[in-house]
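Structure file my_file-v3.cif (mmCIF, C-alpha atoms) is printed below.
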```
data_work
loop_
_atom_site.label_atom_id
_atom_site.label_comp_id
_atom_site.auth_asym_id
_atom_site.auth_seq_id
_atom_site.Cartn_x
_atom_site.Cartn_y
_atom_site.Cartn_z
CA MET A 360 68.92 136.54 36.96
CA ASN A 361 71.94 135.01 38.61
CA GLU A 362 73.87 131.99 37.52
CA LYS A 363 72.10 129.65 39.89
CA ASP A 364 68.68 130.48 38.50
CA PHE A 365 70.04 130.06 35.00
CA GLU A 366 71.31 126.58 35.87
CA ASN A 367 67.95 125.72 37.40
CA HIS A 368 66.18 126.83 34.25
CA LYS A 369 68.47 124.64 32.19
CA ILE A 370 67.55 121.63 34.33
CA GLU A 371 63.85 122.46 34.03
CA HIS A 372 64.24 122.79 30.29
CA LEU A 373 66.00 119.43 30.16
CA LEU A 374 63.23 117.80 32.17
CA LYS A 375 60.58 119.33 29.93
CA ARG A 376 62.08 117.63 26.91
CA ALA A 377 60.66 114.43 28.27
CA HIS A 378 57.05 113.74 29.10
CA LEU A 379 55.01 111.16 30.89
CA PRO A 380 52.68 108.87 28.98
CA GLU A 381 48.98 109.48 29.36
CA PRO A 382 46.64 106.74 30.50
CA SER A 383 45.75 104.49 27.62
CA PRO A 384 42.14 103.80 26.51
CA LEU A 385 42.68 100.17 27.46
CA LEU A 386 43.59 101.18 31.01
CA LYS A 387 40.52 103.41 31.17
CA GLU A 388 38.30 100.58 30.03
CA GLN A 389 39.82 98.17 32.53
CA ILE A 390 39.61 100.50 35.51
CA THR A 391 36.09 101.74 34.78
CA ALA A 392 34.88 98.14 34.42
CA GLU A 393 36.43 97.25 37.76
CA ALA A 394 34.98 100.35 39.42
CA ARG A 395 31.54 99.60 37.98
CA LYS A 396 31.71 96.07 39.34
CA VAL A 397 32.61 97.36 42.81
CA TRP A 398 29.82 99.95 42.57
CA ASN A 399 27.27 97.22 41.94
CA GLN A 400 28.64 94.92 44.63
CA THR A 401 28.82 97.43 47.46
CA SER A 402 25.69 99.11 48.66
CA LEU A 403 25.90 102.71 49.70
CA GLU A 404 26.65 102.78 53.39
CA ILE A 405 23.97 104.42 55.48
CA PRO A 406 25.51 107.35 57.35
CA TRP A 407 24.07 106.38 60.75
CA GLN A 408 25.92 103.10 60.62
CA ILE A 409 29.25 104.86 60.62
CA PRO A 410 29.22 106.28 64.21
CA ILE A 411 27.88 102.99 65.54
CA ARG A 412 30.68 101.17 63.83
CA ARG A 413 33.20 103.62 65.22
CA LEU A 414 31.74 103.22 68.70
CA ALA A 415 31.97 99.44 68.47
CA ALA A 416 35.53 99.67 67.22
CA SER A 417 36.44 102.06 70.07
CA ALA A 418 34.88 99.74 72.66
CA ALA A 419 36.72 96.75 71.23
CA ALA A 420 39.96 98.70 71.26
CA ALA A 421 39.39 99.76 74.89
CA VAL A 422 38.71 96.18 75.96
CA LEU A 423 41.81 95.03 74.14
CA ILE A 424 43.99 97.73 75.72
CA ILE A 425 42.68 96.96 79.23
CA SER A 426 43.22 93.24 78.72
CA ILE A 427 46.76 93.84 77.55
CA ALA A 428 47.41 96.15 80.52
CA ASN A 429 46.08 93.54 82.95
CA PHE A 430 48.13 90.82 81.39
CA SER A 431 51.22 92.99 81.42
CA SER A 432 50.65 93.92 85.07
CA ASP A 433 50.19 90.29 86.10
CA HIS A 434 53.26 89.29 84.18
CA THR A 435 55.36 92.05 85.74
CA LEU A 436 54.26 91.45 89.34
CA GLU A 437 54.51 87.70 89.14
CA ARG A 438 58.04 87.58 90.52
CA TRP A 439 57.06 89.67 93.56
CA ARG A 440 54.47 87.18 94.76
CA PRO A 441 55.47 84.82 97.58
CA GLY A 442 55.86 81.22 96.66
CA ASP A 443 54.02 78.31 98.26
CA VAL A 444 54.01 78.71 101.99
CA ARG A 445 54.78 75.43 103.71
CA ILE A 446 53.98 74.91 107.36
CA THR A 447 56.37 72.65 109.12
CA LYS A 448 56.18 71.54 112.69
CA GLU A 449 59.21 71.36 114.84
CA GLN A 450 60.00 67.95 116.18
CA PRO A 451 60.36 67.48 119.93
CA THR A 452 63.93 66.34 119.51
CA ASP A 453 64.75 69.66 117.92
CA LEU A 454 63.35 71.40 120.92
CA GLU A 455 65.58 69.41 123.26
CA ILE A 456 68.75 70.51 121.51
CA LEU A 457 67.74 74.13 121.44
CA PRO A 458 70.04 76.38 123.40
CA GLU A 459 68.81 77.92 126.57
CA MET A 460 66.14 80.43 125.74
CA PRO A 461 63.80 82.56 127.78
CA TYR A 462 60.26 81.32 128.38
CA ARG A 463 61.29 77.82 127.47
CA PRO A 464 58.47 76.12 129.43
CA PHE A 465 55.93 78.33 127.70
CA VAL A 466 57.31 77.54 124.25
CA ARG A 467 57.28 73.84 125.08
CA HIS A 468 53.71 74.09 126.24
CA MET A 469 52.64 75.95 123.08
CA LEU A 470 54.26 73.35 120.90
CA SER A 471 52.59 70.54 122.81
CA VAL A 472 49.25 72.30 122.52
CA ASN A 473 49.71 72.77 118.79
CA ARG A 474 50.22 69.07 118.30
CA LYS A 475 46.86 68.33 119.82
CA PRO A 476 43.74 68.29 117.68
CA SER A 477 41.93 71.54 117.42
CA MET A 478 39.38 72.37 120.04
CA THR A 479 35.83 72.72 119.05
CA ASP A 480 33.77 73.07 122.20
CA ALA A 481 33.74 75.88 124.76
CA SER A 482 34.91 73.79 127.73
CA ALA A 483 38.04 72.75 125.90
CA LEU A 484 38.75 76.36 125.05
CA ARG A 485 38.24 77.33 128.69
CA ASN A 486 40.62 74.59 129.86
CA TYR A 487 43.15 75.70 127.33
CA THR A 488 42.97 79.31 128.53
CA LYS A 489 43.32 78.14 132.13
CA ARG A 490 46.38 76.15 131.31
CA VAL A 491 47.94 79.08 129.53
CA TRP A 492 47.27 81.30 132.51
CA GLN A 493 48.72 78.70 134.78
CA VAL A 494 51.89 78.45 132.72
CA LEU A 495 52.24 82.21 132.62
CA ASN A 496 51.82 82.45 136.40
CA GLU A 497 54.45 79.78 136.92
CA MET A 498 56.82 81.66 134.70
CA GLN A 499 56.22 84.88 136.58
CA GLN A 500 56.82 83.16 139.94
CA ASN A 501 60.00 81.60 138.62
CA GLU A 502 61.26 84.98 137.52
CA VAL A 503 60.48 86.52 140.90
CA SER A 504 62.19 83.69 142.74
CA ASN A 505 65.29 83.91 140.55
CA GLN A 506 65.81 87.63 141.11
CA PRO A 507 68.68 88.40 143.57
CA VAL A 508 67.46 89.97 146.75
CA PRO A 509 69.16 93.28 147.51
CA ASP A 510 71.35 93.32 150.57
CA GLY A 511 69.66 94.43 153.75
CA GLY A 512 66.47 95.12 151.99
CA ARG A 513 67.82 98.40 150.74
CA SER A 514 67.04 99.94 147.46
CA ARG A 515 69.21 98.84 144.59
CA LEU A 516 69.28 102.32 143.24
CA PHE A 517 71.41 103.78 146.07
CA PRO A 518 74.34 101.69 147.16
CA ALA A 519 74.96 101.49 150.92
CA GLN A 520 77.22 104.21 152.24
CA PRO A 521 80.08 103.15 154.48
CA VAL A 522 79.45 104.32 158.00
CA SER A 523 82.12 106.61 159.11
CA ASP A 524 82.39 108.49 162.33
CA SER A 525 82.93 111.93 160.89
CA TYR A 526 81.55 113.72 163.92
CA SER A 527 83.85 112.15 166.36
CA MET B 658 35.99 111.22 37.67
CA TRP B 659 38.22 109.55 35.15
CA ASP B 660 38.53 112.57 32.91
CA ARG B 661 39.14 114.84 35.84
CA TYR B 662 41.70 112.82 37.76
CA ALA B 663 43.17 109.96 35.73
CA LYS B 664 45.94 111.84 33.94
CA ASP B 665 47.12 113.86 36.95
CA LEU B 666 46.92 110.89 39.28
CA LEU B 667 48.89 108.69 36.92
CA THR B 668 51.57 111.37 36.68
CA PHE B 669 51.68 111.69 40.45
CA LEU B 670 51.81 107.94 40.98
CA GLN B 671 54.59 107.48 38.43
CA ALA B 672 56.54 110.12 40.32
CA ALA B 673 55.94 108.37 43.60
CA LEU B 674 56.65 104.86 42.40
CA CYS B 675 59.07 105.37 39.47
CA SER B 676 57.18 102.69 37.60
CA ARG B 677 54.44 102.91 35.02
CA HIS B 678 53.21 99.40 35.68
CA ASN B 679 52.90 99.91 39.45
CA ALA B 680 51.34 103.32 38.90
CA GLU B 681 48.61 101.81 36.75
CA ASP B 682 47.92 99.14 39.36
CA VAL B 683 47.70 101.72 42.12
CA LEU B 684 45.53 103.95 39.94
CA GLN B 685 43.02 101.12 39.66
CA THR B 686 43.14 100.60 43.42
CA VAL B 687 42.54 104.31 43.95
CA PHE B 688 39.47 104.37 41.74
CA VAL B 689 38.07 101.25 43.36
CA ARG B 690 38.61 102.79 46.78
CA ILE B 691 36.92 106.01 45.70
CA VAL B 692 33.89 104.01 44.52
CA ARG B 693 33.80 101.98 47.73
CA LYS B 694 34.02 105.09 49.92
CA ARG B 695 31.80 107.22 47.70
CA HIS B 696 29.63 108.32 50.62
CA ARG B 697 32.61 110.23 52.01
CA LEU B 698 33.16 112.26 48.85
CA ALA B 699 30.29 114.57 49.71
CA GLY B 700 31.76 115.28 53.14
CA ALA B 701 35.29 115.94 51.91
CA ARG B 702 36.38 119.54 52.34
CA CYS B 703 38.53 119.49 49.24
CA LEU B 704 37.75 116.72 46.81
CA ASP B 705 41.04 117.04 44.93
CA ALA B 706 43.09 116.79 48.13
CA TYR B 707 40.99 113.85 49.27
CA VAL B 708 41.62 111.96 46.03
CA TYR B 709 45.32 112.77 46.12
CA ARG B 710 45.48 111.63 49.73
CA ILE B 711 44.03 108.28 48.74
CA ALA B 712 46.52 107.99 45.89
CA ARG B 713 49.40 108.93 48.15
CA ASN B 714 48.40 106.45 50.83
CA GLU B 715 48.07 103.67 48.31
CA ALA B 716 51.44 104.51 46.79
CA TYR B 717 53.11 104.50 50.22
CA ARG B 718 51.40 101.23 51.04
CA LEU B 719 52.80 99.65 47.90
CA VAL B 720 56.28 101.02 48.61
CA SER B 721 56.26 99.71 52.18
CA ARG B 722 54.94 96.34 51.02
CA ARG B 723 57.70 96.21 48.45
CA LYS B 724 60.26 97.03 51.12
CA ARG B 725 58.82 94.40 53.44
CA ASP B 726 58.95 91.79 50.71
CA ARG B 727 62.44 93.07 49.81
CA LYS B 728 61.62 93.26 46.18
CA VAL B 729 64.04 95.35 44.18
CA GLN B 730 62.60 98.28 42.34
CA GLY B 731 62.41 97.80 38.60
CA THR B 732 64.75 100.48 37.38
CA THR B 733 64.84 99.14 33.86
CA GLU B 734 61.20 99.95 33.26
CA SER B 735 60.84 103.17 31.29
CA TRP B 736 58.23 105.61 32.48
CA LEU B 737 59.54 108.75 30.82
CA ILE B 738 59.26 109.35 27.08
CA VAL B 739 61.64 111.52 25.09
CA SER B 740 60.80 112.12 21.43
CA GLU B 741 63.61 114.04 19.80
CA SER B 742 65.43 113.53 16.57
CA ASN B 743 68.84 114.95 17.47
CA ARG B 744 69.50 112.66 20.42
CA GLU B 745 69.10 109.04 21.25
CA PRO B 746 65.73 109.25 23.04
CA SER B 747 66.10 106.22 25.28
CA ASP B 748 69.50 107.41 26.46
CA LEU B 749 68.19 110.75 27.74
CA ALA B 750 65.09 109.13 29.21
CA GLU B 751 67.18 106.63 31.11
CA GLN B 752 69.44 109.33 32.52
CA LEU B 753 66.53 111.49 33.57
CA GLN B 754 64.78 108.50 35.13
CA ALA B 755 67.90 107.47 37.00
CA ALA B 756 68.45 111.00 38.29
CA LEU B 757 64.81 111.40 39.37
CA ALA B 758 64.86 108.00 41.05
CA GLN B 759 67.74 109.15 43.25
CA LEU B 760 65.73 112.04 44.66
CA PRO B 761 63.73 111.63 47.85
CA GLN B 762 60.14 110.76 47.10
CA THR B 763 58.76 114.04 48.44
CA GLN B 764 61.03 116.13 46.23
CA ARG B 765 60.37 113.94 43.21
CA GLU B 766 56.62 114.28 43.66
CA VAL B 767 56.81 118.06 43.71
CA ILE B 768 59.11 118.29 40.70
CA ILE B 769 57.03 115.99 38.55
CA MET B 770 53.77 117.64 39.54
CA LYS B 771 55.25 121.01 38.71
CA ILE B 772 56.96 120.15 35.45
CA TYR B 773 54.87 117.34 34.00
CA GLY B 774 51.58 118.03 35.78
CA GLN B 775 51.98 121.78 35.08
CA LYS B 776 50.69 122.76 38.49
CA THR B 777 51.60 125.83 40.48
CA PHE B 778 53.13 125.72 43.94
CA LEU B 779 49.80 126.82 45.39
CA GLU B 780 47.93 123.99 43.68
CA ILE B 781 50.52 121.44 44.77
CA SER B 782 50.40 122.69 48.36
CA SER B 783 46.61 122.35 48.48
CA LEU B 784 46.70 118.91 46.86
CA LEU B 785 49.37 117.51 49.15
CA GLY B 786 48.19 119.33 52.26
CA ILE B 787 51.51 121.06 52.93
CA SER B 788 52.52 124.70 52.96
CA GLN B 789 53.50 126.55 49.84
CA ASN B 790 56.93 127.31 51.27
CA THR B 791 57.55 123.63 51.88
CA VAL B 792 56.59 122.87 48.30
CA ALA B 793 58.90 125.58 46.99
CA SER B 794 61.83 124.44 49.12
CA ARG B 795 61.34 120.81 48.15
CA TYR B 796 61.30 121.86 44.51
CA ARG B 797 64.43 123.97 44.90
CA TYR B 798 66.38 121.26 46.72
CA GLY B 799 65.28 118.68 44.18
CA ILE B 800 66.34 120.81 41.24
CA GLU B 801 69.73 121.45 42.86
CA LYS B 802 70.27 117.74 43.32
CA LEU B 803 69.26 117.09 39.75
CA GLN B 804 71.72 119.74 38.66
CA ASN B 805 74.49 117.86 40.43
CA LEU B 806 73.35 114.55 39.01
CA LEU B 807 72.79 115.76 35.46
CA GLY B 808 75.54 118.37 35.36
CA ASN B 809 77.62 116.52 32.84
CA LEU B 810 74.67 116.10 30.49
CA SER B 811 74.97 118.47 27.50
CA LEU B 812 72.00 120.79 27.30
#
```
Could you spell out this file's structure in structure tokens?
Amino acid sequence: MNEKDFENHKIEHLLKRAHLPEPSPLLKEQITAEARKVWNQTSLEIPWQIPIRRLAASAAAAVLIISIANFSSDHTLERWRPGDVRITKEQPTDLEILPEMPYRPFVRHMLSVNRKPSMTDASALRNYTKRVWQVLNEMQQNEVSNQPVPDGGRSRLFPAQPVSDSYS
Amino acid sequence: MWDRYAKDLLTFLQAALCSRHNAEDVLQTVFVRIVRKRHRLAGARCLDAYVYRIARNEAYRLVSRRKRDRKVQGTTESWLIVSESNREPSDLAEQLQAALAQLPQTQREVIIMKIYGQKTFLEISSLLGISQNTVASRYRYGIEKLQNLLGNLSL
């Protein structure tokens, strides 16, 4: 036996010189009376009730977890939602000060159409479509008329070659 | 039930709580809980381990409640008895109590069950649901700490 074991035995011996008090008869009487009272109050649980209770508790826990997850998801994604979308109409004066832009007559027409009350019948819709077509045709004609005509009716891809008398 | 478990459980609870008064309260709670859950006793694999598990849970619950309420542990309460003529009994009891109270709860439980409950490592391991090696190592570490704490005490 080494010195360490000897020291351990000394500590054990020292601890064994003390002892713990046993439960007193008064404590026994008190606890058994309390236990008897609880025995009479509580009926013996029927075993088949236990799985049903567990099932109900599991279902309640699942509902709670899903609710918390939904709430958490809504709370997290709230900042990514767009705010209130407000539709504003551009005033005609604003249109007048706009810089030069392509398709300006068409834009003006669309804005003027948007200011009008909405169309409900088919004839109004047909007229509207006709007007749009008309505006588009005008725009196309304007573009064609504004294009520079190539010199001499030649193709713009090949510039005209200077005529030189190389054979002379 | 009382004759079979009361003495051992009270020893175990005093080790866990370092208080005779709290141990008696928890012992009552344990017996009431056993009566309330009596239908489970038949299904328990090891009745002794089941009862000790209840006692342990109740003891931990009291300790955590005490920590939550920030109540200081009553160190002045004596739960060890020394009856010797050649030494001042209360002096030795107080030193042993103070040294045991400084041990971690798991080590203290094993030491008191071994020395005062007179249980073997195998019995303690089956009661606490831990391996025998763990019980032995907890006992060894606990005794070494006690040796450091009580080294100056004349044997």
Expand the PyMOL selection byres ((chain B and resi 753) around 10) into the explicit residue set it covers here, and present it as an mmCIF file with C-alpha atoms, keeping the file's coordinate frame.
```cif
data_model
loop_
_atom_site.group_PDB
_atom_site.id
_atom_site.type_symbol
_atom_site.label_atom_id
_atom_site.label_comp_id
_atom_site.auth_asym_id
_atom_site.auth_seq_id
_atom_site.Cartn_x
_atom_site.Cartn_y
_atom_site.Cartn_z
ATOM 1 C CA LEU A 373 66.000 119.430 30.160
ATOM 2 C CA LEU A 374 63.230 117.800 32.170
ATOM 3 C CA ALA A 377 60.660 114.430 28.270
ATOM 4 C CA LEU B 737 59.540 108.750 30.820
ATOM 5 C CA ILE B 738 59.260 109.350 27.080
ATOM 6 C CA VAL B 739 61.640 111.520 25.090
ATOM 7 C CA SER B 747 66.100 106.220 25.280
ATOM 8 C CA ASP B 748 69.500 107.410 26.460
ATOM 9 C CA LEU B 749 68.190 110.750 27.740
ATOM 10 C CA ALA B 750 65.090 109.130 29.210
ATOM 11 C CA GLU B 751 67.180 106.630 31.110
ATOM 12 C CA GLN B 752 69.440 109.330 32.520
ATOM 13 C CA GLN B 754 64.780 108.500 35.130
ATOM 14 C CA ALA B 755 67.900 107.470 37.000
ATOM 15 C CA ALA B 756 68.450 111.000 38.290
ATOM 16 C CA LEU B 757 64.810 111.400 39.370
ATOM 17 C CA ALA B 758 64.860 108.000 41.050
ATOM 18 C CA LEU B 803 69.260 117.090 39.750
ATOM 19 C CA LEU B 806 73.350 114.550 39.010
ATOM 20 C CA LEU B 807 72.790 115.760 35.460
ATOM 21 C CA LEU B 810 74.670 116.100 30.490
#
```
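For the choices B:Gln762, B:Asn714, B:Gln775, B:Ser788, the atom-to-atom distance to chain A is smallest for B:Gln775 when using all atoms listed in the file.
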Within 9 Å of chain A: residues of chain B, using all atoms listed in the file, as number ranges by chain: B: 659, 663-665, 667-668, 671, 677, 681, 684-686, 688-696, 736-741, 746, 749-750, 753, 772-773, 797, 800-801, 803-804, 807-808, 812
Find the distance between atom CA of Asp726 of chain B and atom CA of Leu674 of chain B and write it in Å to one decimal.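 That distance, rounded to one decimal, is 15.7 Å.
Picture a line from atom CA of Lys724 of chain B to atom CA of Asp705 of chain B; it runs 28.4 Å.
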To one decimal place, how far is atom CA of Tyr487 of chain A from atom CA of Gln500 of chain A in Å?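 Rounded to one decimal, the two atoms are 20.0 Å apart.
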For the structure shown, which residues end up in the PyMOL selection byres ((chain A and resi 495) around 12)? Put them as a ChimeraX atom specification, please? /A:462-466,468-469,488-494,496-502
Contacts of Tyr707 of chain B at 10 Å (only C-alpha atoms; same-chain gap of 2+ positions) as a VMD selection string: chain B and resid 691 697 to 698 701 to 705 709 to 713 784 to 786
